[in-house]
Number of protein chains: 4
Amino acid sequence: MIAAFDDAALIQAMLDFEAALAAAQADEGLLPRTAVQAIAAACRVDRFDIPALVAAGRRSGTLAVPLVKELTRLVAQADAEGATVVHWGSTSQDVQDSAMVLVTRTALRLLDGELATLCAHLLALGEAHLATPVLARTLLQPAQVTGFGFKLAGWLAPLVRARARLRASAADALQLQLGGAVGTLAVMGERGPAVARRMAQALGLRTPSAAWHTQRDEWVRLGLDVALLTGSLGKIGADLALMAQGEVGELAEPSDGGRGGSSAMPHKRNPVSALITLAAATRTPQHAATLLAAMGQQHERGLGNWQAELAEWPTLFLSAHGALRALNEAFAGLKVDTDRMRVNIDALQGLVAAEALSIRLAGAIGRPAAHAAVEAMTRTAVAEQRHLRDVAHAAIAADPALAHLDPGELDAIFDPVAATASARRLASQRFEQLRADLAALDDKES
Amino acid sequence: MIAAFDDAALIQAMLDFEAALAAAQADEGLLPRTAVQAIAAACRVDRFDIPALVAAGRRSGTLAVPLVKELTRLVAQADAEGATVVHWGSTSQDVQDSAMVLVTRTALRLLDGELATLCAHLLALGEAHLATPVLARTLLQPAQVTGFGFKLAGWLAPLVRARARLRASAADALQLQLGGAVGTLAVMGERGPAVARRMAQALGLRTPSAAWHTQRDEWVRLGLDVALLTGSLGKIGADLALMAQGEVGELAEPSDGGRGGSSAMPHKRNPVSALITLAAATRTPQHAATLLAAMGQQHERGLGNWQAELAEWPTLFLSAHGALRALNEAFAGLKVDTDRMRVNIDALQGLVAAEALSIRLAGAIGRPAAHAAVEAMTRTAVAEQRHLRDVAHAAIAADPALAHLDPGELDAIFDPVAATASARRLASQRFEQLRADLAALDDKES
Amino acid sequence: MIAAFDDAALIQAMLDFEAALAAAQADEGLLPRTAVQAIAAACRVDRFDIPALVAAGRRSGTLAVPLVKELTRLVAQADAEGATVVHWGSTSQDVQDSAMVLVTRTALRLLDGELATLCAHLLALGEAHLATPVLARTLLQPAQVTGFGFKLAGWLAPLVRARARLRASAADALQLQLGGAVGTLAVMGERGPAVARRMAQALGLRTPSAAWHTQRDEWVRLGLDVALLTGSLGKIGADLALMAQGEVGELAEPSDGGRGGSSAMPHKRNPVSALITLAAATRTPQHAATLLAAMGQQHERGLGNWQAELAEWPTLFLSAHGALRALNEAFAGLKVDTDRMRVNIDALQGLVAAEALSIRLAGAIGRPAAHAAVEAMTRTAVAEQRHLRDVAHAAIAADPALAHLDPGELDAIFDPVAATASARRLASQRFEQLRADLAALDDKES
Amino acid sequence: MIAAFDDAALIQAMLDFEAALAAAQADEGLLPRTAVQAIAAACRVDRFDIPALVAAGRRSGTLAVPLVKELTRLVAQADAEGATVVHWGSTSQDVQDSAMVLVTRTALRLLDGELATLCAHLLALGEAHLATPVLARTLLQPAQVTGFGFKLAGWLAPLVRARARLRASAADALQLQLGGAVGTLAVMGERGPAVARRMAQALGLRTPSAAWHTQRDEWVRLGLDVALLTGSLGKIGADLALMAQGEVGELAEPSDGGRGGSSAMPHKRNPVSALITLAAATRTPQHAATLLAAMGQQHERGLGNWQAELAEWPTLFLSAHGALRALNEAFAGLKVDTDRMRVNIDALQGLVAAEALSIRLAGAIGRPAAHAAVEAMTRTAVAEQRHLRDVAHAAIAADPALAHLDPGELDAIFDPVAATASARRLASQRFEQLRADLAALDDKES
């Protein structure tokens with residue numbers, strides 16, 4: 001991903017733009033063929049001094065100016081007239097935006113690949129753990145019993161949506177930028193739109209309905225969708241880190257090869273994937289905000305805000321990709337400690353089943369009485385540090401109105417696996433749907 | 001819009017949720033009909049002390065807890081058993097999220113209405129000014145001549161996209177929230193999903209594929225689309241403010257009824273609509289960032305981040321709506337000074353046509369020679385403060401190679417209206433398309 | 001705190017400004033005394049229709065315009081000439097900024113009071129727990145043993161710094177705004193600066209070195225210092241929430257009066273204070289960013305950005321104050337479970353003392369050998385699920401080079417209380433210093 | 001500035017930390033001298049493979065782990081025991097934070113130097129233009145006449161404050177980080193604080209009152225002060241860009257060497273310095289927000305948030321420095337067009353003097369009558385497009401009550417230079433004060 005956005009990739013994409021521009025203009029009869037050949041021959045990044053260009057770009061506020069100057073010099077060596085039509089009818093922002101679109105297309109492919117892998121991991125793990133009881137926690141407090149598979153379905157679904165969303169946004173956003181100095185393509189006369197169509201086709205980009213120099217909504221939305229993905233990854237990272245705490249111990253990242261180890265603290269296994277994911281999720285909202293803050297670009301091309309957007313753009317993708325890779329590493333070898341999950345449930349002395357107990361008793365003695373009875377039992381359980389099941393058995397035995405209740409049925413209320421019934425049913429249906437959604441996504445790609 | 005999100009609206013929406021919950025549960029045989037009637041009768045906001053509820057909600061960290069308590073008290077006055085099933089099987093976040101969805105639906109309708117009006121203003125103005133020359137400006141410098149209609153098409157297109165986008169996002173995001181304590185609907189056994197379907201239908205919301213207590217991507221995306229709209233409005237506000245500067249004077253907001261006036265400075269007419277729009281655009285990116293920053297909600301229901309999202313949500317809509325109304329006020333009476341537009345073009349002594357002149361000469365003497373000739377002419381024009389047209393006439397007359405050029409054709413190059421040809425053509429096509437897009441949006445609604 | 005920033009408070013502060021302006025101008029001979037009396041008499045908020053003013057302010061983009069208009073009308077009833085000098089020589093932003101300064105002064109007092117209380121809580125708790133062992137955790141993993149008092153010193157110190165910082169920033173930022181239309185006080189001729197001095201003195205504000213209409217650095221810095229405080233509170237909230245997790249159980253917020261309780265889940269006790277604090281800390285960074293984003297205010301008074309800053313300002317204080325009050329509620333009745341702290345340490349089988357053991361052995365057999373020996377012991381302890389102390393006793397007994405080590409000394413290495421020695425020493429010194437700092441702060445105030 | 005934060009600089013700073021740690025520990029008798037020498041000899045960045053370290057750091061989540069590993073390997077070649085005490089008693093965050101402090105000290109020096117230069121430019125320019133009339137503009141509308149020197153004083157003052165502020169914050173924030181695994185320095189026993197003192201002295205840093213692993217307020221505040229500086233620079237950039245607009249034309253950035261030029265648009269001169277400054281000011285608020293958002297670092301060392309802060313830190317300094325250099329380039333050759341300033345004032349037909357006229361007439365006929373008379377005159381001036389001065393002469397001649405007014409005095413009211421009187425007086429005093437403040441800052445440095 002770093003390579004996708006590095007100087008060489010960006011400059012080659014700019015050169016691809018220049019070559020495609022010349023070719024399209026020649027096809028429309030605006031340039032001689034000889035010029036096109038000379039330009040195409042010069043549009044190879046290995047003919048340029050990248051650090052020198054970057055330094056010059058920093059001085060002039062845009063990479064396009066020194067690049068076009070140097071390209072013109074190279075073309076002039078082969079074809080004097082060609083040199084006069086380099087970049088003709090185009091503006092700096094045309095080439096820089098289009099180049100950013102081209103490298104972003106590569107970046108999106110990388111994201112999609114990592115996303116597909118992570119989805120596969122979560123799907124497999126989730127289906128394997130449909131009936132694994134685990135504590136559901138709300139407001140960072142133990143709440144009730146759920147299924148670990150159900151929890152994984154919750155992590156997976158937004159990622160499947162993210163894949164679909166990124167493709168849809170990319171279909172809008174990956175468009176050619178070509179407007180000339182002020183967006184009207186005026187220099188090329190009536191041939192402007194045809195040149196744009198040819199270029200877009202040659203570069204595999206969408207033909208824009210108009211230059212989008214200062215109307216960035218489709219482009220920014222793609223960036224926001226990447227930020228949204230990172231937000232969903234951050235949620236997984238947060239849960240992972242919390243479940244990997246020593247005192248919870250339900251999950252652990254793989255530790256092979258000294259990963260996350262500490263020599264001074266042999267019991268420690270740092271959750272490196274969670275760390276990377278959380279760092280990405282902490283930074284990304286602000287990078288997304290800058291894209292939005294830069295939207296008020298003045299008139300036909302903006303001053304400062306366009307440049308600010310450009311500068312923040314790659315980081316959004318680098319963060320998302322880093323988090324995806326980190327999570328893929330974690331899930332490739334994730335340790336799931338189902339025993340600890342059970343221990344953590346048991347530590348709550350059956351209080352997590354109080355609501356289920358109340359519902360069962362209501363059938364026998366009505367809701368108000370059941371509610372009161374269970375409140376009394378839970379008070380006893382808490383005060384005497386006994387398991388609610390034992391308190392309930394005793395209470396029911398002592399109450400003639402309840403004495404007909406089956407002790408086995410009562411035990412079932414407190415059985416963690418039985419408590420996952422709803423979660424299991426729902427998760428199973430969701431995985432079926434999500435599997436189909438993923439298959440549809442994979443089909444579309446091929 | 002303030003009314004859409006005020007306490008009364010939100011509480012009524014919460015009560016609508018509670019009434020619909022009871023009705024759906026009765027339909028599924030989980031509750032007696034009598035309870036439903038008692039609950040429905042109590043679910044009217046005028047039966048509640050709103051300030052007291054708000055104060056109590058602040059103390060307990062959620063409005064749902066005191067509301068359910070008070071609702072239970074009211075129901076108990078009519079039906080003791082009904083009181084035991086108020087809010088049954090649901091959790092605080094179910095009712096609060098669903099209520100926010102309901103009031104957001106109202107808010108979106110308001111936004112769409114204002115958007116439709118603004119689009120209509122821009123379309124009418126744009127079509128009226130297809131051939132009006134105005135300076136295009138890049139990097140806050142005069143660049144070339146464009147058409148004012150073309151500029152308006154640039155303002156309009158993102159708004160048409162925003163309308164479509166908000167509808168699509170709303171179709172995903174306006175879904176019921178119903179998961180019970182930990183998202184599994186466990187209390188309702190196998191009837192949970194059916195209850196959700198019935199409730200969603202009754203409330204006119206989408207049935208969710210699962211509870212989205214801590215998976216906020218679809219919801220946050222709706223918020224981001226509102227932020228994107230405000231970004232596009234901010235671009236209009238920026239251009240409006242710049243074109244209304246005293247020294248530019250091309251546009252002016254209406255000033256009837258003392259709007260934007262200043263008694264001490266009689267020449268001043270403050271651009272109040274631009275002010276409101278720019279303020280909204282300055283605040284919104286950060287509010288959007290908070291939605292993203294709050295996505296890492298822990299486990300089955302988050303601590304602090306959900307509440308942060310909830311608190312920022314209405315402001316996004318209030319800002320967008322305020323900006324839309326302000327711009328509608330401005331465009332309802334916008335003063336377009338086409339004379340000043342022409343004066344500003346003329347002040348540039350024809351230099352904005354240098355490129356067009358160069359292209360024309362290239363046909364006669366080749367690009368390199370034409371380029372050199374025009375450079376010399378512009379130097380002369382700048383140094384002697386003459387109009388480039390006059391310099392060109394003199395130069396051409398003096399150069400035998402160019403003497404055959406038609407003076408009338410030369411004048412045409414410097415004619416601002418002629419210079420809008422490309423802009424006019426492109427804008428005309430765009431307005432046709434945008435008009436069709438808007439009609440399609442209006443059709444869908446009805 | 002809500003009252004500090006509400007419409008009535010803000011409008012009264014604006015009226016205080018107007019009254020002080022007239023008085024100072026009269027003292028400088030610019031106005032007749034009679035006018036001052038008429039103005040002062042009208043400058044009482046109870047003479048104004050607040051909702052009507054607020055609605056009118058929304059229309060005109062500033063509250064100042066309708067307020068001055070209404071004030072003028074009221075004064076005119078008593079003194080015709082007085083009505084002509086209401087607000088004379090001043091501008092809307094003068095009165096609104098100065099009023100915001102006045103209500104912010106009140107807000108700062110409230111913050112300082114809550115801060116003082118929270119500091120006192122933390123100091124008392126910290127000194128009581130100097131020798132209480134608790135797990136130190138890094139990267140959300142158990143690391144080593146520290147003292148709970150040491151941990152509390154870490155929470156306390158930034159709050160003491162925050163108090164000092166806010167006072168210093170306030171001394172800069174709580175200054176009068178008075179510049180007239182463009183900051184030059186031109187209308188008042190040479191008397192302008194003297195009027196400003198008199199007004200500042202009357203209102204108890206700093207006399208500004210110049211109007212700060214568009215130079216907001218001192219003001220924004222005060223806002224950033226409030227954000228910084230909320231950041232430090234968020235750190236406490238995060239730790240509190242983590243230590244209150246069911247599986248950790250070291251701290252619990254007070255639960256009297258049903259605070260944070262849940263009837264369906266009797267074992268749950270929601271950490272309401274942590275919730276409020278974390279929500280504040282999630283929102284605040286973005287509000288702070290808006291202050292910074294609004295700094296580029298154009299020319300002599302900005303368009304949109306000033307208004308954006310004004311709109312976000314109160315939320316910063318409300319968030320900080322809400323978090324402070326919530327934490328004060330928590331710390332007033334915080335339950336510290338020192339047994340659970342010990343249990344959590346013991347669960348790590350002495351591995352947290354591996355480094356200390358290694359150091360001790362190094363004295364006997366050199367670092368390299370000690371390092372290797374302890375690594376072997378920890379591997380054994382982990383593999384056989386034994387306490388490292390027992391493994392160490394056995395290993396030492398078996399190794400002639402180590403046989404002379406005193407078993408009692410070995411046990412001391414594994415004694416949690418002994419392990420807090422450094423933490424205790426450092427914390428004790430810090431509390432002494434922090435107590436002195438707090439005393440100095442309290443002295444300065446009185 | 002790029003060099004200040006590059007990998008080589010950061011790694012050398014980390015090595016400086018390691019060398020100073022060993023030296024201080026030896027001075028305290030904790031290590032043998034021989035080890036120190038071996039470590040010091042290895043602590044030279046040219047002995048390390050930087051790209052390999054950076055890649056390894058990315059994998060393990062921190063640069064410190066692979067650096068310490070490689071350093072240990074190098075030391076082991078010279079001294080086996082030395083290798084066992086590399087980094088002893090310290091933790092990854094100790095070395096990374098301290099290294100970031102060291103390179104930040106360099107960065108601050110660069111900022112201060114550029115700031116001093118910019119202050120000198122503004123001071124010189126301001127004093128040269130004390131009496132140059134220029135339009136003051138509010139809400140992007142022409143308001144009244146002010147002095148260009150007064151405007152420059154407004155730009156300068158926050159920069160002088162920024163210099164003082166950054167020094168004060170740096171005095172707090174440039175402190176050693178040394179806490180060991182959990183902040184207690186436990187491994188070094190009672191010698192820990194003494195080691196810290198020695199190290200801090202050797203590195204020229206402040207001795208911290210405690211490790212600040214998760215208490216970042218002093219550090220973040222330094223970052224916020226840099227953001228505040230960029231905010232003040234953004235204000236200058238905004239004004240510069242607005243005054244350089246073609247239609248305003250009062251200022252122009254230097255254009256030597258093709259700077260900001262455009263061959264296709266010979267009239268264009270892009271404001272490159274404003275561009276860079278505005279881009280920095282657009283990005284910086286969000287980077288600052290990330291520092292605040294990362295403050296909730298858990299327990300004794302945070303997971304993800306510390307890493308997020310670290311990643312954003314350098315950009316804050318790079319942005320500020322880039323903006324400073326750009327502005328220094330602009331002000332070194334700024335073109336001030338005092339004729340255009342006068343033209344822009346004259347274009348307002350004297351209406352900017354309406355308030356001054358009203359005040360003068362009030363002396364003769366009372367405020368109410370004067371107010372009404374001037375309103376009538378301005379209406380006439382606007383309607384008939386005449387200069388208010390001429391309208392006023394005619395009106396006064398026609399009104400017996402005013403006929404005694406001296407026509408020369410009337411002309412003076414409309415004289416732009418005379419209108420700068422207040423601005424001139426205030427600016428002159430401010431420059432005197434600011435010059436003294438700058439001298440004091442320069443003294444302190446030397």
# chains A, B, ... in the order shown; residues from 1 in each chain; ligands from 1
call {"tool": "interface_residues", "arguments": {"of": "chain D", "to": "chain C", "cutoff": "6 Å", "atoms": "only C-alpha atoms", "output": "short mmCIF file (atom, residue, chain, number, x, y, z; two decimals) with all heavy atoms, in the first residue's frame"}}
result
data_model
loop_
_atom_site.label_atom_id
_atom_site.label_comp_id
_atom_site.auth_asym_id
_atom_site.auth_seq_id
_atom_site.Cartn_x
_atom_site.Cartn_y
_atom_site.Cartn_z
N ARG D 137 -12.22 45.81 6.06
CA ARG D 137 -13.35 45.06 5.52
C ARG D 137 -13.91 44.14 6.60
O ARG D 137 -13.15 43.48 7.31
CB ARG D 137 -12.88 44.22 4.32
CG ARG D 137 -12.38 45.09 3.17
CD ARG D 137 -11.66 44.29 2.12
NE ARG D 137 -11.28 45.12 0.98
CZ ARG D 137 -10.05 45.57 0.74
NH1 ARG D 137 -9.06 45.29 1.56
NH2 ARG D 137 -9.82 46.32 -0.31
N THR D 138 -15.21 44.13 6.71
CA THR D 138 -15.83 43.24 7.69
C THR D 138 -16.88 42.41 6.97
O THR D 138 -17.57 42.90 6.07
CB THR D 138 -16.47 44.04 8.84
OG1 THR D 138 -17.50 44.88 8.31
CG2 THR D 138 -15.45 44.91 9.54
N LEU D 139 -16.97 41.13 7.36
CA LEU D 139 -17.87 40.20 6.68
C LEU D 139 -17.67 40.22 5.17
O LEU D 139 -18.60 40.14 4.39
CB LEU D 139 -19.34 40.49 7.06
CG LEU D 139 -19.67 40.20 8.54
CD1 LEU D 139 -19.30 41.36 9.44
CD2 LEU D 139 -21.13 39.83 8.70
N THR D 184 7.29 3.40 37.48
CA THR D 184 7.75 3.50 38.87
C THR D 184 9.26 3.46 39.00
O THR D 184 9.78 3.57 40.11
CB THR D 184 7.17 2.34 39.70
OG1 THR D 184 7.61 1.11 39.10
CG2 THR D 184 5.66 2.39 39.73
N ALA D 186 10.98 1.06 39.15
CA ALA D 186 11.19 0.10 40.23
C ALA D 186 12.50 -0.67 40.09
O ALA D 186 13.17 -0.97 41.08
CB ALA D 186 10.01 -0.86 40.29
N GLY D 231 -2.79 28.55 13.12
CA GLY D 231 -4.06 29.27 12.99
C GLY D 231 -3.82 30.76 12.74
O GLY D 231 -4.46 31.37 11.88
N GLY D 234 -2.60 31.20 9.30
CA GLY D 234 -3.69 31.03 8.35
C GLY D 234 -4.49 32.32 8.17
O GLY D 234 -4.98 32.61 7.08
N LYS D 235 -4.63 33.06 9.25
CA LYS D 235 -5.32 34.35 9.17
C LYS D 235 -4.55 35.30 8.23
O LYS D 235 -5.13 35.98 7.40
CB LYS D 235 -5.44 34.93 10.58
CG LYS D 235 -6.40 36.11 10.71
CD LYS D 235 -5.83 37.44 10.33
CE LYS D 235 -6.74 38.59 10.61
NZ LYS D 235 -7.66 38.92 9.51
N ASP D 239 -5.93 36.78 4.55
CA ASP D 239 -5.95 38.19 4.18
C ASP D 239 -5.09 38.45 2.95
O ASP D 239 -5.48 39.21 2.05
CB ASP D 239 -5.44 39.05 5.35
CG ASP D 239 -6.49 39.19 6.45
OD1 ASP D 239 -7.59 38.63 6.30
OD2 ASP D 239 -6.19 39.84 7.47
N PRO D 285 -5.96 21.90 12.32
CA PRO D 285 -6.91 21.72 13.42
C PRO D 285 -7.23 20.25 13.68
O PRO D 285 -7.36 19.83 14.82
CB PRO D 285 -8.16 22.48 12.93
CG PRO D 285 -7.63 23.53 12.01
CD PRO D 285 -6.46 22.87 11.32
N GLN D 286 -7.32 19.48 12.61
CA GLN D 286 -7.64 18.07 12.78
C GLN D 286 -6.45 17.30 13.37
O GLN D 286 -6.64 16.38 14.17
CB GLN D 286 -8.05 17.46 11.43
CG GLN D 286 -9.44 17.87 10.99
CD GLN D 286 -9.51 19.28 10.48
OE1 GLN D 286 -8.61 19.74 9.79
NE2 GLN D 286 -10.54 20.01 10.84
N ALA D 289 -6.66 17.91 16.91
CA ALA D 289 -7.75 17.14 17.52
C ALA D 289 -7.31 15.71 17.81
O ALA D 289 -7.71 15.13 18.83
CB ALA D 289 -8.97 17.15 16.60
N LEU D 292 -5.60 15.50 21.08
CA LEU D 292 -6.56 15.52 22.19
C LEU D 292 -7.32 14.19 22.27
O LEU D 292 -7.56 13.66 23.36
CB LEU D 292 -7.55 16.67 22.00
CG LEU D 292 -7.00 18.08 22.22
CD1 LEU D 292 -7.94 19.14 21.66
CD2 LEU D 292 -6.77 18.35 23.71
N ALA D 293 -7.69 13.66 21.11
CA ALA D 293 -8.46 12.42 21.09
C ALA D 293 -7.65 11.24 21.62
O ALA D 293 -8.21 10.25 22.09
CB ALA D 293 -8.94 12.11 19.67
N MET D 295 -5.68 11.33 24.19
CA MET D 295 -5.27 11.52 25.58
C MET D 295 -5.79 10.46 26.56
O MET D 295 -5.24 10.32 27.64
CB MET D 295 -5.70 12.91 26.07
CG MET D 295 -4.81 14.03 25.53
SD MET D 295 -5.32 15.64 26.18
CE MET D 295 -4.66 15.51 27.88
N GLY D 296 -6.84 9.77 26.17
CA GLY D 296 -7.41 8.81 27.13
C GLY D 296 -6.62 7.52 27.20
O GLY D 296 -7.18 6.42 27.10
N GLN D 297 -5.32 7.62 27.35
CA GLN D 297 -4.46 6.45 27.28
C GLN D 297 -4.65 5.59 28.52
O GLN D 297 -4.51 6.04 29.65
CB GLN D 297 -3.01 6.90 27.11
CG GLN D 297 -2.90 7.85 25.90
CD GLN D 297 -1.52 8.00 25.35
OE1 GLN D 297 -0.57 7.43 25.87
NE2 GLN D 297 -1.39 8.75 24.27
N GLN D 298 -4.90 4.31 28.27
CA GLN D 298 -5.33 3.42 29.35
C GLN D 298 -4.19 3.08 30.31
O GLN D 298 -3.07 2.80 29.91
CB GLN D 298 -5.85 2.11 28.76
CG GLN D 298 -6.91 2.26 27.68
CD GLN D 298 -6.30 2.28 26.29
OE1 GLN D 298 -5.13 2.58 26.12
NE2 GLN D 298 -7.11 1.97 25.29
N HIS D 299 -4.55 3.04 31.58
CA HIS D 299 -3.67 2.52 32.62
C HIS D 299 -2.25 3.11 32.57
O HIS D 299 -2.09 4.31 32.48
CB HIS D 299 -3.62 0.99 32.53
CG HIS D 299 -4.92 0.32 32.85
ND1 HIS D 299 -5.67 0.62 33.97
CD2 HIS D 299 -5.63 -0.63 32.18
CE1 HIS D 299 -6.77 -0.12 33.99
NE2 HIS D 299 -6.77 -0.88 32.92
N GLU D 300 -1.25 2.23 32.55
CA GLU D 300 0.12 2.73 32.68
C GLU D 300 0.81 3.00 31.34
O GLU D 300 1.77 3.77 31.27
CB GLU D 300 0.94 1.75 33.53
CG GLU D 300 0.73 1.99 35.03
CD GLU D 300 -0.73 1.76 35.45
OE1 GLU D 300 -1.32 0.75 35.05
OE2 GLU D 300 -1.29 2.63 36.16
N ARG D 301 0.33 2.35 30.29
CA ARG D 301 0.76 2.71 28.92
C ARG D 301 -0.34 2.32 27.97
O ARG D 301 -0.89 1.23 28.08
CB ARG D 301 2.09 2.04 28.54
CG ARG D 301 3.27 2.83 29.15
CD ARG D 301 4.62 2.42 28.59
NE ARG D 301 5.01 1.13 29.13
CZ ARG D 301 5.34 0.08 28.39
NH1 ARG D 301 5.33 0.20 27.06
NH2 ARG D 301 5.67 -1.06 28.95
N GLY D 302 -0.67 3.20 27.05
CA GLY D 302 -1.89 3.05 26.25
C GLY D 302 -1.74 2.12 25.06
O GLY D 302 -0.62 1.79 24.63
N LEU D 303 -2.87 1.72 24.53
CA LEU D 303 -2.93 0.82 23.39
C LEU D 303 -3.54 1.55 22.20
O LEU D 303 -4.75 1.77 22.15
CB LEU D 303 -3.78 -0.41 23.73
CG LEU D 303 -3.85 -1.48 22.62
CD1 LEU D 303 -2.55 -2.27 22.57
CD2 LEU D 303 -5.02 -2.42 22.84
N SER D 422 -6.73 57.48 14.10
CA SER D 422 -6.82 56.56 15.23
C SER D 422 -5.97 55.33 15.00
O SER D 422 -5.23 54.87 15.88
CB SER D 422 -8.27 56.11 15.45
OG SER D 422 -8.98 57.07 16.16
N ALA D 423 -6.11 54.75 13.81
CA ALA D 423 -5.36 53.55 13.48
C ALA D 423 -3.86 53.78 13.62
O ALA D 423 -3.12 52.95 14.16
CB ALA D 423 -5.69 53.11 12.05
#
call {"tool": "residues_around", "arguments": {"residues": "Ile365 (chain C)", "least_positions_apart": "6", "cutoff": "12 Å", "atoms": "only C-alpha atoms", "output": "PyMOL selection string"}}
result
chain C and resi 358-359+371-374+396+399-405
call {"tool": "atom_distance", "arguments": {"atom1": "CA of His387 (chain B)", "atom2": "CA of Glu253 (chain D)"}}
result
23.9 Å
call {"tool": "residues_around", "arguments": {"residues": "region 41-46 of chain B", "least_positions_apart": "4", "cutoff": "7 Å", "atoms": "only C-alpha atoms", "output": "list in words"}}
result
Ala8, Ile11, Gln12, Leu15, Asp16, Ala19, Gln37, Leu71, Leu74 and Val75 of chain B
call {"tool": "write_last_selection", "arguments": {"atoms": "C-alpha atoms", "output": "short mmCIF file (atom, residue, chain, number, x, y, z; two decimals), in the first residue's frame"}}
result
data_model
loop_
_atom_site.label_atom_id
_atom_site.label_comp_id
_atom_site.auth_asym_id
_atom_site.auth_seq_id
_atom_site.Cartn_x
_atom_site.Cartn_y
_atom_site.Cartn_z
CA ALA B 8 -41.21 16.92 22.72
CA ILE B 11 -40.18 11.89 23.54
CA GLN B 12 -43.23 11.39 21.34
CA LEU B 15 -43.59 6.74 23.04
CA ASP B 16 -44.49 5.73 19.49
CA ALA B 19 -46.79 1.66 21.75
CA GLN B 37 -54.64 -0.55 25.01
CA LEU B 71 -44.81 5.50 31.44
CA LEU B 74 -49.18 6.03 34.04
CA VAL B 75 -50.09 2.61 32.66
#
call {"tool": "closest_residue", "arguments": {"among": "C:Ile413, C:Ala116, C:Leu123, C:Ala241", "to": "Leu361 (chain C)", "atoms": "only C-alpha atoms"}}
result
C:Ile413
